[in-house]
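What follows is input10.tsv (TSV, C-alpha atoms and all ligand atoms).
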```tsv
chain	number	residue	atom	x	y	z
A	481	MET	CA	167.69	92.10	-136.84
A	482	ASN	CA	168.20	94.80	-134.32
A	483	LYS	CA	170.62	93.49	-131.72
A	484	VAL	CA	174.09	92.54	-132.85
A	485	ALA	CA	176.98	91.25	-130.76
A	486	VAL	CA	180.48	92.08	-132.03
A	487	LEU	CA	183.38	90.02	-130.62
A	488	VAL	CA	185.95	91.60	-130.07
A	489	ALA	CA	186.65	95.33	-129.67
A	490	GLY	CA	189.87	95.38	-131.74
A	491	SER	CA	190.31	97.72	-134.72
A	492	TRP	CA	188.15	95.79	-137.14
A	493	GLY	CA	185.46	94.81	-134.61
A	494	THR	CA	185.08	98.45	-133.55
A	495	ALA	CA	184.90	99.69	-137.15
A	496	LEU	CA	182.25	97.08	-138.01
A	497	ALA	CA	180.34	97.98	-134.84
A	498	SER	CA	180.26	101.56	-136.15
A	499	VAL	CA	178.86	100.45	-139.51
A	500	LEU	CA	176.13	98.52	-137.68
A	501	ALA	CA	175.35	101.47	-135.41
A	502	ASP	CA	175.14	103.77	-138.46
A	503	ASN	CA	172.51	101.33	-139.75
A	504	GLY	CA	170.48	101.78	-136.56
A	505	ARG	CA	171.46	98.48	-134.92
A	506	GLU	CA	171.95	98.18	-131.19
A	507	VAL	CA	175.50	96.87	-130.80
A	508	LEU	CA	177.06	95.03	-127.86
A	509	LEU	CA	180.81	95.13	-128.33
A	510	TRP	CA	182.71	92.57	-126.24
A	511	SER	CA	186.20	93.04	-124.83
A	512	ARG	CA	188.05	91.07	-122.17
A	513	ASN	CA	189.68	94.33	-121.11
A	514	GLU	CA	187.67	96.18	-118.41
A	515	GLU	CA	189.44	99.49	-119.00
A	516	GLN	CA	188.58	99.41	-122.65
A	517	VAL	CA	184.94	98.63	-121.80
A	518	LYS	CA	184.86	101.64	-119.49
A	519	GLU	CA	186.47	103.90	-122.09
A	520	ILE	CA	183.96	102.89	-124.77
A	521	ASN	CA	180.93	103.27	-122.47
A	522	GLU	CA	181.95	106.47	-120.74
A	523	GLU	CA	183.94	108.31	-123.39
A	524	HIS	CA	182.66	106.66	-126.61
A	525	ARG	CA	186.24	106.07	-127.76
A	526	ASN	CA	188.50	103.07	-128.39
A	527	ARG	CA	191.78	104.98	-128.25
A	528	ARG	CA	194.16	102.04	-128.45
A	529	PHE	CA	192.93	101.04	-131.88
A	530	LEU	CA	191.05	103.95	-133.42
A	531	ASN	CA	192.38	107.03	-131.78
A	532	ASP	CA	190.12	110.08	-131.59
A	533	VAL	CA	187.11	108.73	-133.42
A	534	GLU	CA	183.88	109.21	-131.51
A	535	LEU	CA	181.74	106.08	-131.37
A	536	SER	CA	177.95	106.01	-131.68
A	537	PRO	CA	175.89	105.85	-128.47
A	538	LEU	CA	174.23	102.79	-130.01
A	539	ILE	CA	177.46	100.91	-129.21
A	540	THR	CA	177.67	99.53	-125.68
A	541	ALA	CA	180.73	97.62	-124.55
A	542	THR	CA	180.61	94.68	-122.17
A	543	SER	CA	183.15	92.29	-120.67
A	544	SER	CA	180.48	89.59	-120.30
A	545	LEU	CA	180.32	87.20	-123.24
A	546	GLN	CA	176.95	85.92	-122.04
A	547	GLN	CA	175.48	89.43	-121.97
A	548	ALA	CA	176.92	90.16	-125.40
A	549	VAL	CA	175.47	87.16	-127.21
A	550	GLU	CA	172.43	85.79	-125.39
A	551	ASP	CA	169.84	88.18	-126.87
A	552	ALA	CA	171.68	88.88	-130.12
A	553	ASP	CA	169.90	88.37	-133.45
A	554	ALA	CA	173.31	88.27	-135.11
A	555	ILE	CA	176.86	87.68	-133.88
A	556	LEU	CA	179.82	89.16	-135.73
A	557	MET	CA	183.06	87.39	-134.79
A	558	VAL	CA	186.20	89.44	-135.37
A	559	VAL	CA	188.55	87.61	-133.03
A	560	PRO	CA	192.13	87.16	-134.30
A	561	SER	CA	192.45	83.64	-135.74
A	562	SER	CA	194.53	82.44	-132.76
A	563	GLY	CA	191.62	83.14	-130.37
A	564	MET	CA	188.66	82.10	-132.53
A	565	ARG	CA	188.24	78.57	-131.16
A	566	GLU	CA	188.48	79.70	-127.53
A	567	VAL	CA	185.91	82.47	-127.93
A	568	ALA	CA	183.55	80.32	-130.03
A	569	SER	CA	183.64	77.56	-127.43
A	570	ARG	CA	182.95	80.04	-124.61
A	571	ILE	CA	179.80	81.40	-126.29
A	572	LYS	CA	178.42	77.94	-127.14
A	573	PRO	CA	175.99	77.73	-124.16
A	574	PHE	CA	174.41	81.10	-125.01
A	575	VAL	CA	174.03	80.96	-128.80
A	576	LYS	CA	170.60	80.11	-130.20
A	577	LYS	CA	170.41	77.98	-133.33
A	578	ASP	CA	168.72	80.63	-135.47
A	579	THR	CA	171.29	83.36	-134.69
A	580	LEU	CA	173.00	84.75	-137.79
A	581	LEU	CA	176.72	84.03	-137.40
A	582	ILE	CA	179.17	86.16	-139.42
A	583	HIS	CA	182.95	86.16	-139.15
A	584	ALA	CA	185.38	88.73	-140.53
A	585	THR	CA	188.65	87.13	-139.44
A	586	LYS	CA	191.46	86.57	-141.96
A	587	GLY	CA	193.48	83.51	-141.04
A	588	PHE	CA	193.62	79.74	-140.65
A	589	GLU	CA	193.96	77.84	-137.39
A	590	THR	CA	197.55	76.85	-136.64
A	591	GLY	CA	198.01	73.10	-136.34
A	592	THR	CA	194.62	71.90	-137.64
A	593	LEU	CA	194.82	74.19	-140.71
A	594	ASN	CA	191.06	74.67	-140.33
A	595	SER	CA	189.40	77.72	-141.81
A	596	MET	CA	187.65	80.07	-139.39
A	597	SER	CA	184.20	78.90	-140.55
A	598	GLU	CA	185.28	75.30	-139.83
A	599	VAL	CA	186.46	76.31	-136.35
A	600	ILE	CA	183.15	78.08	-135.65
A	601	SER	CA	181.19	75.14	-136.98
A	602	ASP	CA	183.14	72.71	-134.73
A	603	GLU	CA	182.51	74.80	-131.64
A	604	LEU	CA	178.92	75.88	-132.36
A	605	PRO	CA	177.21	72.71	-133.63
A	606	GLN	CA	173.77	74.28	-133.05
A	607	ILE	CA	174.37	76.60	-136.06
A	608	ASN	CA	173.73	75.18	-139.55
A	609	PRO	CA	177.20	75.32	-141.21
A	610	LYS	CA	175.63	76.65	-144.42
A	611	ARG	CA	174.45	79.68	-142.46
A	612	ILE	CA	177.91	80.69	-141.23
A	613	VAL	CA	178.78	83.81	-143.21
A	614	VAL	CA	182.30	84.98	-144.11
A	615	LEU	CA	183.01	88.69	-144.66
A	616	SER	CA	186.13	89.68	-146.58
A	617	GLY	CA	187.49	92.28	-148.98
A	618	PRO	CA	189.62	95.44	-149.02
A	619	SER	CA	188.65	97.21	-145.82
A	620	HIS	CA	191.07	98.97	-143.53
A	621	ALA	CA	189.38	99.68	-140.20
A	622	GLU	CA	190.99	103.14	-140.10
A	623	GLU	CA	189.11	104.14	-143.27
A	624	VAL	CA	185.80	102.40	-142.53
A	625	ILE	CA	185.54	104.19	-139.17
A	626	LEU	CA	185.85	107.50	-141.09
A	627	LYS	CA	183.07	106.36	-143.46
A	628	CYS	CA	185.35	106.33	-146.52
A	629	PRO	CA	183.71	104.39	-149.39
A	630	THR	CA	184.46	100.69	-148.94
A	631	THR	CA	183.33	97.50	-150.69
A	632	VAL	CA	183.31	94.05	-149.13
A	633	VAL	CA	181.89	90.63	-149.97
A	634	VAL	CA	180.01	88.08	-147.89
A	635	ALA	CA	179.76	84.34	-148.60
A	636	ALA	CA	177.71	81.52	-147.13
A	637	GLY	CA	176.46	78.10	-148.21
A	638	GLU	CA	172.89	79.45	-148.15
A	639	LEU	CA	172.08	82.52	-150.24
A	640	GLU	CA	169.52	83.66	-147.65
A	641	ALA	CA	172.19	83.84	-144.92
A	642	ALA	CA	174.57	85.83	-147.15
A	643	GLU	CA	171.71	88.21	-148.02
A	644	ALA	CA	170.81	88.62	-144.34
A	645	ALA	CA	174.42	89.67	-143.64
A	646	GLN	CA	174.34	91.98	-146.66
A	647	ASP	CA	171.12	93.62	-145.36
A	648	LEU	CA	172.59	94.03	-141.91
A	649	LEU	CA	175.74	95.83	-143.02
A	650	ILE	CA	175.15	97.61	-146.35
A	651	ASN	CA	174.87	101.40	-146.35
A	652	SER	CA	175.91	104.43	-148.38
A	653	TYR	CA	179.64	104.10	-147.59
A	654	PHE	CA	179.84	100.35	-146.99
A	655	ARG	CA	178.77	98.37	-150.05
A	656	VAL	CA	178.36	94.63	-149.53
A	657	TYR	CA	178.33	92.05	-152.36
A	658	THR	CA	177.35	88.37	-152.03
A	659	ASN	CA	179.20	85.31	-153.35
A	660	PRO	CA	178.57	81.56	-152.73
A	661	ASP	CA	182.31	80.86	-152.50
A	662	VAL	CA	183.09	80.47	-148.78
A	663	ASN	CA	186.46	78.78	-149.44
A	664	GLY	CA	187.50	81.45	-151.93
A	665	LEU	CA	186.80	84.26	-149.48
A	666	GLU	CA	188.61	82.53	-146.64
A	667	VAL	CA	191.67	81.61	-148.71
A	668	GLY	CA	191.87	85.03	-150.41
A	669	GLY	CA	191.37	86.99	-147.18
A	670	ALA	CA	193.95	85.01	-145.24
A	671	LEU	CA	196.66	84.57	-147.87
A	672	LYS	CA	196.77	88.16	-149.08
A	673	ASN	CA	198.46	88.89	-145.74
A	674	ILE	CA	201.44	86.72	-146.78
A	675	ILE	CA	201.84	88.76	-149.93
A	676	ALA	CA	201.43	92.01	-147.94
A	677	LEU	CA	204.33	90.94	-145.71
A	678	GLY	CA	206.33	90.25	-148.87
A	679	ALA	CA	205.37	93.63	-150.37
A	680	GLY	CA	206.56	95.35	-147.19
A	681	LEU	CA	209.79	93.37	-147.40
A	682	THR	CA	210.46	94.45	-150.99
A	683	ASP	CA	209.83	98.08	-149.99
A	684	GLY	CA	212.05	97.68	-146.94
A	685	LEU	CA	214.80	96.29	-149.16
A	686	GLY	CA	214.48	99.35	-151.40
A	687	PHE	CA	213.19	97.49	-154.46
A	688	GLY	CA	210.84	99.44	-156.71
A	689	ASP	CA	207.33	99.31	-158.13
A	690	ASN	CA	208.23	96.56	-160.60
A	691	ALA	CA	209.07	94.19	-157.76
A	692	LYS	CA	205.87	95.10	-155.91
A	693	ALA	CA	203.74	94.52	-159.00
A	694	ALA	CA	205.47	91.20	-159.62
A	695	LEU	CA	204.84	90.08	-156.06
A	696	LEU	CA	201.18	91.04	-156.18
A	697	THR	CA	200.56	89.35	-159.52
A	698	ARG	CA	202.51	86.17	-158.87
A	699	GLY	CA	201.18	86.17	-155.31
A	700	LEU	CA	197.66	86.18	-156.69
A	701	ALA	CA	198.59	83.25	-158.96
A	702	GLU	CA	199.68	81.15	-156.01
A	703	ILE	CA	196.69	82.14	-153.86
A	704	ALA	CA	194.38	81.10	-156.71
A	705	ARG	CA	196.34	77.86	-157.19
A	706	LEU	CA	195.83	76.81	-153.57
A	707	GLY	CA	192.27	78.17	-153.48
A	708	THR	CA	191.10	76.22	-156.52
A	709	ALA	CA	192.74	73.05	-155.15
A	710	MET	CA	190.64	73.62	-152.02
A	711	GLY	CA	187.42	73.96	-154.07
A	712	ALA	CA	187.22	77.73	-154.60
A	713	ASN	CA	186.07	79.45	-157.80
A	714	PRO	CA	189.15	80.98	-159.51
A	715	LEU	CA	187.05	84.03	-160.44
A	716	THR	CA	186.65	84.88	-156.75
A	717	PHE	CA	190.36	85.79	-156.76
A	718	ALA	CA	189.72	88.39	-159.47
A	719	GLY	CA	187.24	89.99	-157.06
A	720	LEU	CA	187.22	91.91	-153.79
A	721	ALA	CA	188.57	89.07	-151.64
A	722	GLY	CA	191.41	88.48	-154.12
A	723	ILE	CA	192.98	91.24	-156.14
A	724	GLY	CA	190.91	93.87	-154.28
A	725	ASP	CA	192.33	93.01	-150.88
A	726	LEU	CA	195.83	92.50	-152.30
A	727	VAL	CA	195.85	96.03	-153.70
A	728	ALA	CA	194.52	97.53	-150.47
A	729	THR	CA	196.90	95.66	-148.20
A	730	CYS	CA	200.10	95.58	-150.25
A	731	THR	CA	200.04	99.30	-151.01
A	732	SER	CA	198.77	100.79	-147.77
A	733	LYS	CA	200.37	102.48	-144.81
A	734	HIS	CA	197.48	101.15	-142.71
A	735	SER	CA	198.39	97.51	-143.26
A	736	ARG	CA	200.04	95.91	-140.22
A	737	ASN	CA	201.28	93.10	-142.46
A	738	TRP	CA	202.90	95.52	-144.89
A	739	ARG	CA	204.43	97.48	-142.00
A	740	ALA	CA	205.80	94.31	-140.39
A	741	GLY	CA	207.34	93.23	-143.72
A	742	PHE	CA	208.85	96.69	-144.22
A	743	LYS	CA	210.63	96.55	-140.87
A	744	LEU	CA	211.87	93.02	-141.56
A	745	GLY	CA	213.20	94.23	-144.90
A	746	GLN	CA	215.10	96.93	-143.06
A	747	GLY	CA	216.75	94.30	-140.90
A	748	ALA	CA	214.59	94.19	-137.74
A	749	ALA	CA	214.03	90.87	-135.95
A	750	LEU	CA	210.58	89.27	-136.21
A	751	ASP	CA	209.98	89.15	-132.43
A	752	ASP	CA	210.77	92.87	-132.07
A	753	VAL	CA	208.55	93.78	-135.01
A	754	LEU	CA	205.57	91.89	-133.55
A	755	LYS	CA	206.14	93.30	-130.07
A	756	ASP	CA	206.29	96.89	-131.38
A	757	MET	CA	203.16	96.50	-133.50
A	758	GLY	CA	200.91	95.73	-130.50
A	759	MET	CA	198.21	94.60	-132.95
A	760	VAL	CA	197.61	91.36	-134.76
A	761	VAL	CA	199.81	90.56	-137.79
A	762	GLU	CA	197.94	87.55	-139.17
A	763	GLY	CA	200.32	87.02	-142.10
A	764	VAL	CA	203.03	85.46	-139.91
A	765	LYS	CA	200.89	82.53	-138.73
A	766	THR	CA	199.20	82.34	-142.13
A	767	THR	CA	202.57	81.86	-143.84
A	768	LYS	CA	203.09	78.74	-141.75
A	769	ALA	CA	199.54	77.51	-142.39
A	770	ALA	CA	199.77	78.13	-146.15
A	771	TYR	CA	203.18	76.43	-146.29
A	772	GLU	CA	201.58	73.34	-144.74
A	773	LEU	CA	198.41	73.59	-146.85
A	774	SER	CA	200.51	73.76	-150.03
A	775	ARG	CA	202.01	70.41	-149.10
A	776	ARG	CA	198.64	68.91	-148.14
A	777	TYR	CA	197.12	69.96	-151.50
A	778	GLU	CA	200.36	69.43	-153.47
A	779	VAL	CA	200.47	72.88	-155.05
A	780	THR	CA	203.54	74.99	-155.73
A	781	MET	CA	203.73	78.23	-153.74
A	782	PRO	CA	207.22	79.68	-154.21
A	783	ILE	CA	206.58	83.09	-152.60
A	784	THR	CA	205.05	81.47	-149.52
A	785	ASP	CA	207.96	79.01	-149.34
A	786	GLU	CA	210.54	81.78	-149.46
A	787	LEU	CA	208.72	83.89	-146.90
A	788	TYR	CA	208.45	80.85	-144.63
A	789	GLN	CA	212.22	80.51	-144.76
A	790	VAL	CA	212.71	84.22	-144.04
A	791	LEU	CA	210.30	84.22	-141.08
A	792	PHE	CA	211.09	80.87	-139.50
A	793	GLU	CA	214.46	79.71	-140.75
A	794	GLY	CA	216.53	82.89	-140.71
A	795	LYS	CA	216.98	83.18	-144.50
A	796	SER	CA	218.00	86.64	-145.62
A	797	PRO	CA	215.22	88.52	-147.50
A	798	LYS	CA	217.74	89.46	-150.23
A	799	LEU	CA	218.63	85.83	-150.86
A	800	ALA	CA	214.92	84.92	-150.87
A	801	ALA	CA	214.34	87.53	-153.60
A	802	GLN	CA	217.30	86.20	-155.59
A	803	ASP	CA	216.03	82.64	-155.30
A	804	LEU	CA	212.57	83.67	-156.51
A	805	MET	CA	214.09	85.43	-159.53
A	806	GLY	CA	216.31	82.45	-160.29
A	807	ARG	CA	213.59	79.78	-160.31
A	808	VAL	CA	213.33	77.43	-163.26
A	809	ARG	CA	211.71	79.21	-166.22
A	810	THR	CA	207.98	78.61	-166.62
A	811	HIS	CA	204.72	79.71	-168.35
A	812	GLU	CA	202.69	82.56	-166.93
A	813	ILE	CA	199.21	81.07	-167.35
A	814	GLU	CA	198.38	77.61	-166.03
A	815	GLU	CA	195.94	75.08	-167.41
A	816	VAL	CA	192.99	74.64	-165.09
A	817	ALA	CA	192.00	70.99	-165.39
A	818	SER	CA	188.48	71.26	-164.05
A	819	ILE	CA	186.62	73.93	-162.19
A	820	SER	CA	183.72	73.06	-159.95
A	821	SER	CA	182.56	76.45	-158.77
A	822	PRO	CA	180.39	76.64	-155.68
A	823	LYS	CA	176.81	77.65	-156.58
A	824	TRP	CA	173.65	78.39	-154.63
A	825	GLN	CA	170.72	75.99	-155.20
A	826	GLY	CA	167.51	77.13	-156.84
A	901	LIG	N1	192.13	95.92	-138.89
A	901	LIG	C1	191.62	95.79	-140.10
A	901	LIG	O1	191.59	96.76	-140.86
A	901	LIG	C2	191.09	94.48	-140.56
A	901	LIG	C3	191.28	93.32	-139.84
A	901	LIG	N2	190.77	92.14	-140.30
A	901	LIG	C4	190.94	90.91	-139.55
A	901	LIG	O2	190.20	91.00	-138.34
A	901	LIG	C5	190.82	90.17	-137.34
A	901	LIG	C6	191.02	91.00	-136.09
A	901	LIG	O3	191.95	92.01	-136.42
A	901	LIG	P1	191.99	93.44	-135.73
A	901	LIG	O4	190.71	93.84	-135.15
A	901	LIG	O5	192.59	94.32	-136.74
A	901	LIG	O6	193.05	93.14	-134.57
A	901	LIG	P2	193.56	94.12	-133.41
A	901	LIG	O7	194.94	93.74	-133.13
A	901	LIG	O8	193.23	95.52	-133.75
A	901	LIG	O9	192.64	93.72	-132.18
A	901	LIG	C7	192.53	92.39	-131.73
A	901	LIG	C8	191.81	92.38	-130.39
A	901	LIG	O10	191.52	91.02	-130.06
A	901	LIG	C9	191.85	90.80	-128.69
A	901	LIG	N3	192.10	89.37	-128.54
A	901	LIG	C10	193.11	88.64	-129.06
A	901	LIG	N4	192.97	87.33	-128.72
A	901	LIG	C11	191.87	87.26	-127.96
A	901	LIG	C12	191.22	86.20	-127.28
A	901	LIG	N5	191.68	84.96	-127.34
A	901	LIG	N6	190.10	86.49	-126.57
A	901	LIG	C13	189.65	87.74	-126.50
A	901	LIG	N7	190.20	88.80	-127.12
A	901	LIG	C14	191.30	88.54	-127.84
A	901	LIG	C15	193.07	91.68	-128.45
A	901	LIG	O11	193.22	91.93	-127.07
A	901	LIG	C16	192.66	92.93	-129.23
A	901	LIG	O12	191.83	93.75	-128.45
A	901	LIG	C17	192.12	89.65	-137.96
A	901	LIG	O13	191.91	88.35	-138.44
A	901	LIG	C18	192.37	90.62	-139.12
A	901	LIG	O14	193.10	90.03	-140.17
A	901	LIG	C19	190.04	92.07	-141.45
A	901	LIG	C20	189.81	93.20	-142.20
A	901	LIG	C21	190.31	94.49	-141.81
A	902	LIG	O1	192.72	93.01	-144.03
A	902	LIG	C1	192.98	94.18	-144.01
A	902	LIG	C2	192.44	95.13	-145.01
A	902	LIG	O2	191.53	94.51	-145.89
A	902	LIG	C3	193.88	94.73	-142.97
A	902	LIG	O3	195.16	94.30	-143.20
A	902	LIG	P1	196.28	94.32	-142.04
A	902	LIG	O4	195.89	93.26	-141.06
A	902	LIG	O5	197.56	94.04	-142.76
A	902	LIG	O6	196.27	95.69	-141.42
```
Have the structure of the file written as structure tokens, please.
Ligand SMILES: NC(=O)C1=CN([C@@H]2O[C@H](COP(=O)(O)OP(=O)(O)OC[C@H]3O[C@@H](n4cnc5c(N)ncnc54)[C@H](O)[C@@H]3O)[C@@H](O)[C@H]2O)C=CC1
Ligand SMILES: O=C(CO)COP(=O)(O)O
Amino acid sequence: MNKVAVLVAGSWGTALASVLADNGREVLLWSRNEEQVKEINEEHRNRRFLNDVELSPLITATSSLQQAVEDADAILMVVPSSGMREVASRIKPFVKKDTLLIHATKGFETGTLNSMSEVISDELPQINPKRIVVLSGPSHAEEVILKCPTTVVVAAGELEAAEAAQDLLINSYFRVYTNPDVNGLEVGGALKNIIALGAGLTDGLGFGDNAKAALLTRGLAEIARLGTAMGANPLTFAGLAGIGDLVATCTSKHSRNWRAGFKLGQGAALDDVLKDMGMVVEGVKTTKAAYELSRRYEVTMPITDELYQVLFEGKSPKLAAQDLMGRVRTHEIEEVASISSPKWQG
């Protein structure tokens, strides 16, 4: 597996392209922005997202999707969730059926509530759905690009596909685990962004560490509740794509979701916050998707419900916090009626 296409050249795509280049892979990094392509090819920089870091000469940028994917042994899709379907449908004519397809996007599709692997599978029917690999876990692009030790997890229906992705990416600073639980990784990776928004909000409101810890812990409980209803293994949420990513995102200055929540907590308007960020804040759309998924799967998600009201119905963050604290009293640990954990065959 020597040639890898990475779509697109945002923060995470560029950081993953660097990991691949450090592993000796030839990387074609796609961007729709010609100036960015020029900057990467001529100056080996992607200043808008990862200021000042020099990129490997093994990374070549292109604005042609066909050129990026047609000879690729593997394609790594890192498109924000809102653009995944469009980009997947555009590459359809050029993707061979034996290409390894990995995605590292954290979100669900608005409207359909499809996961990213479902969107890819719809648009690329030539790829066996069991060979679509999900990559998730605590991994800020800003740290990966500096080769700070990072652990992630990959999941696919077929063990061999997950191991191929593991082989492709693992190195001395980027440790990759495998897991058969595709749903668990996609739910954990997407929904932690809701809790990160909430953690930013509590910090913006001036609440302390107790509130943050409460949000993380009870947030994990509701992520696991939805995830298990969708067929995930509850233990996945005790792993890198669950608690791991919650810790990284809810406590980090790098997190765009935390930063957006912080500004909202300080009284800024959502539209202004998103405009100023200039980068994707997946948690906003994911709050809407999770709100709808909780109704589809009939699970209780009080933090998501409150955040939905703050983001889309103008509820004050302070009142949302009060309403969460004033909920009907309940047990901490829930009975799990039956668990059917995903497993690899053989
Ligand atoms: N930045 C990070 O540390 C991490 C990000 N992720 C996930 O990776 C995904 C991508 O995030 P980032 O790279 O951080 O976003 P970003 O905001 O840094 O970059 C996104 C890039 O995608 C481009 N883009 C947006 N829609 C497009 C479309 N329809 N067609 C073509 N290009 C399009 C934008 O122009 C921009 O260049 C998100 O789902 C995010 O949650 C996951 C782990 C870590
Ligand atoms: O997913 C991430 C780290 O694992 C990045 O989170 P943000 O999108 O909030 O920056």
Practice prompt. Could the residues that lie within 7 Å of ligand LIG 902 (chain A), counting all atoms listed in the file, be listed as JSON, numbers by chain?
Written response: {"A": [586, 617, 618, 619, 620, 669, 673, 676, 725, 728, 729, 734, 735, 736, 737, 738, 760, 761, 762]}
Worksheet item: Hey, can you check how far CA of Gln802 (chain A) sits from CA of Val753 (chain A)?
Response: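 According to the coordinates, CA of Gln802 (chain A) and CA of Val753 (chain A) are separated by 23.6 Å.
Atom C6 of ligand LIG 901 (chain A) is found 21.2 Å from CA of Asp661 (chain A).
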Practice prompt. Tell me, in Å to one decimal, how far CA of Glu640 (chain A) is from CA of Val662 (chain A).
Written response: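 Those two atoms sit 14.0 Å apart.
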Please provide as a compact mmCIF listing (two decimals) with C-alpha atoms, in the coordinates of the input all residues within 10 Å of region 493-505 of chain A, with the sequence filter that same-chain residues fewer than 3 positions apart are discarded (counting only C-alpha atoms).
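After the write, result-v8.txt holds the following:
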```txt
# COMPACT_ATOMS: atom_id res chain seq x y z
CA MET A 481 167.69 92.10 -136.84
CA ASN A 482 168.20 94.80 -134.32
CA LYS A 483 170.62 93.49 -131.72
CA VAL A 484 174.09 92.54 -132.85
CA ALA A 485 176.98 91.25 -130.76
CA VAL A 486 180.48 92.08 -132.03
CA LEU A 487 183.38 90.02 -130.62
CA VAL A 488 185.95 91.60 -130.07
CA ALA A 489 186.65 95.33 -129.67
CA GLY A 490 189.87 95.38 -131.74
CA LEU A 508 177.06 95.03 -127.86
CA LEU A 509 180.81 95.13 -128.33
CA TRP A 510 182.71 92.57 -126.24
CA SER A 511 186.20 93.04 -124.83
CA ILE A 520 183.96 102.89 -124.77
CA ARG A 525 186.24 106.07 -127.76
CA ASN A 526 188.50 103.07 -128.39
CA PHE A 529 192.93 101.04 -131.88
CA LEU A 530 191.05 103.95 -133.42
CA GLU A 534 183.88 109.21 -131.51
CA LEU A 535 181.74 106.08 -131.37
CA SER A 536 177.95 106.01 -131.68
CA PRO A 537 175.89 105.85 -128.47
CA LEU A 538 174.23 102.79 -130.01
CA ILE A 539 177.46 100.91 -129.21
CA THR A 540 177.67 99.53 -125.68
CA LEU A 556 179.82 89.16 -135.73
CA MET A 557 183.06 87.39 -134.79
CA VAL A 558 186.20 89.44 -135.37
CA VAL A 559 188.55 87.61 -133.03
CA ALA A 584 185.38 88.73 -140.53
CA THR A 585 188.65 87.13 -139.44
CA SER A 619 188.65 97.21 -145.82
CA HIS A 620 191.07 98.97 -143.53
CA ALA A 621 189.38 99.68 -140.20
CA GLU A 622 190.99 103.14 -140.10
CA GLU A 623 189.11 104.14 -143.27
CA VAL A 624 185.80 102.40 -142.53
CA ILE A 625 185.54 104.19 -139.17
CA LEU A 626 185.85 107.50 -141.09
CA LYS A 627 183.07 106.36 -143.46
CA ASP A 647 171.12 93.62 -145.36
CA LEU A 648 172.59 94.03 -141.91
CA LEU A 649 175.74 95.83 -143.02
CA ILE A 650 175.15 97.61 -146.35
CA ASN A 651 174.87 101.40 -146.35
CA SER A 652 175.91 104.43 -148.38
CA TYR A 653 179.64 104.10 -147.59
CA PHE A 654 179.84 100.35 -146.99
```
Worksheet item: A:Thr592, A:Thr682, A:Thr697, A:Thr766: which is nearest ligand LIG 901 (chain A), counting all atoms listed in the file?
Response: A:Thr766
Worksheet item: Which one of A:Ala694, A:Ala769, A:Leu715, A:Val567 sits closest to ligand LIG 901 (chain A) if you count all atoms listed in the file?
Response: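 Closest to ligand LIG 901 (chain A) of all the choices is A:Val567.
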Worksheet entry | Option closest in space to ligand LIG 901 (chain A), from A:Ile555, A:Ile607, A:Leu545, A:Val613 [counting only C-alpha atoms and all ligand atoms] | A:Leu545
Worksheet entry | Distance query 12 Å from (169.3, 88.3, -128.0) using all atoms listed in the file, result as a ChimeraX atom specification | /A:481-485,506-508,546-555,574-580
Discussion item. Applying 9 Å and all atoms listed in the file, which residues near Gly637 (chain A) remain after dropping the ones on its own chain fewer than 5 positions away? List them as a list of chain:residue names.
Written reply: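 The neighbour list is A:Pro609, A:Lys610, A:Arg611, A:Ile612, A:Val613, A:Ala642, A:Pro660, A:Asp661, A:Val662, A:Pro822, A:Lys823, A:Trp824.
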Worksheet entry | Contacts of region 587-589 of chain A within 12 Å, only C-alpha atoms, excl. fewer than 2 positions in-chain, as number ranges by chain | A: 558-566, 583-585, 591-600, 614, 616, 663, 665-674, 760-773
Worksheet, complete the sentence: One residue among A:Ala644, A:Val727, A:Val632, A:Leu604 is nearest to ligand LIG 901 (chain A) when using all atoms listed in the file, and that residue is A:Val632
Item to complete: Would you mind telling me which residue in A:Ala679, A:Met757, A:Leu726, A:Ala748 lies nearest to ligand LIG 901 (chain A) when using only C-alpha atoms and all ligand atoms?
Response: A:Met757
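Proximity ranking of A:Asn659, A:Pro605, A:Leu720, A:Gly686 relative to ligand LIG 901 (chain A) places A:Leu720 first, based on all atoms listed in the file.
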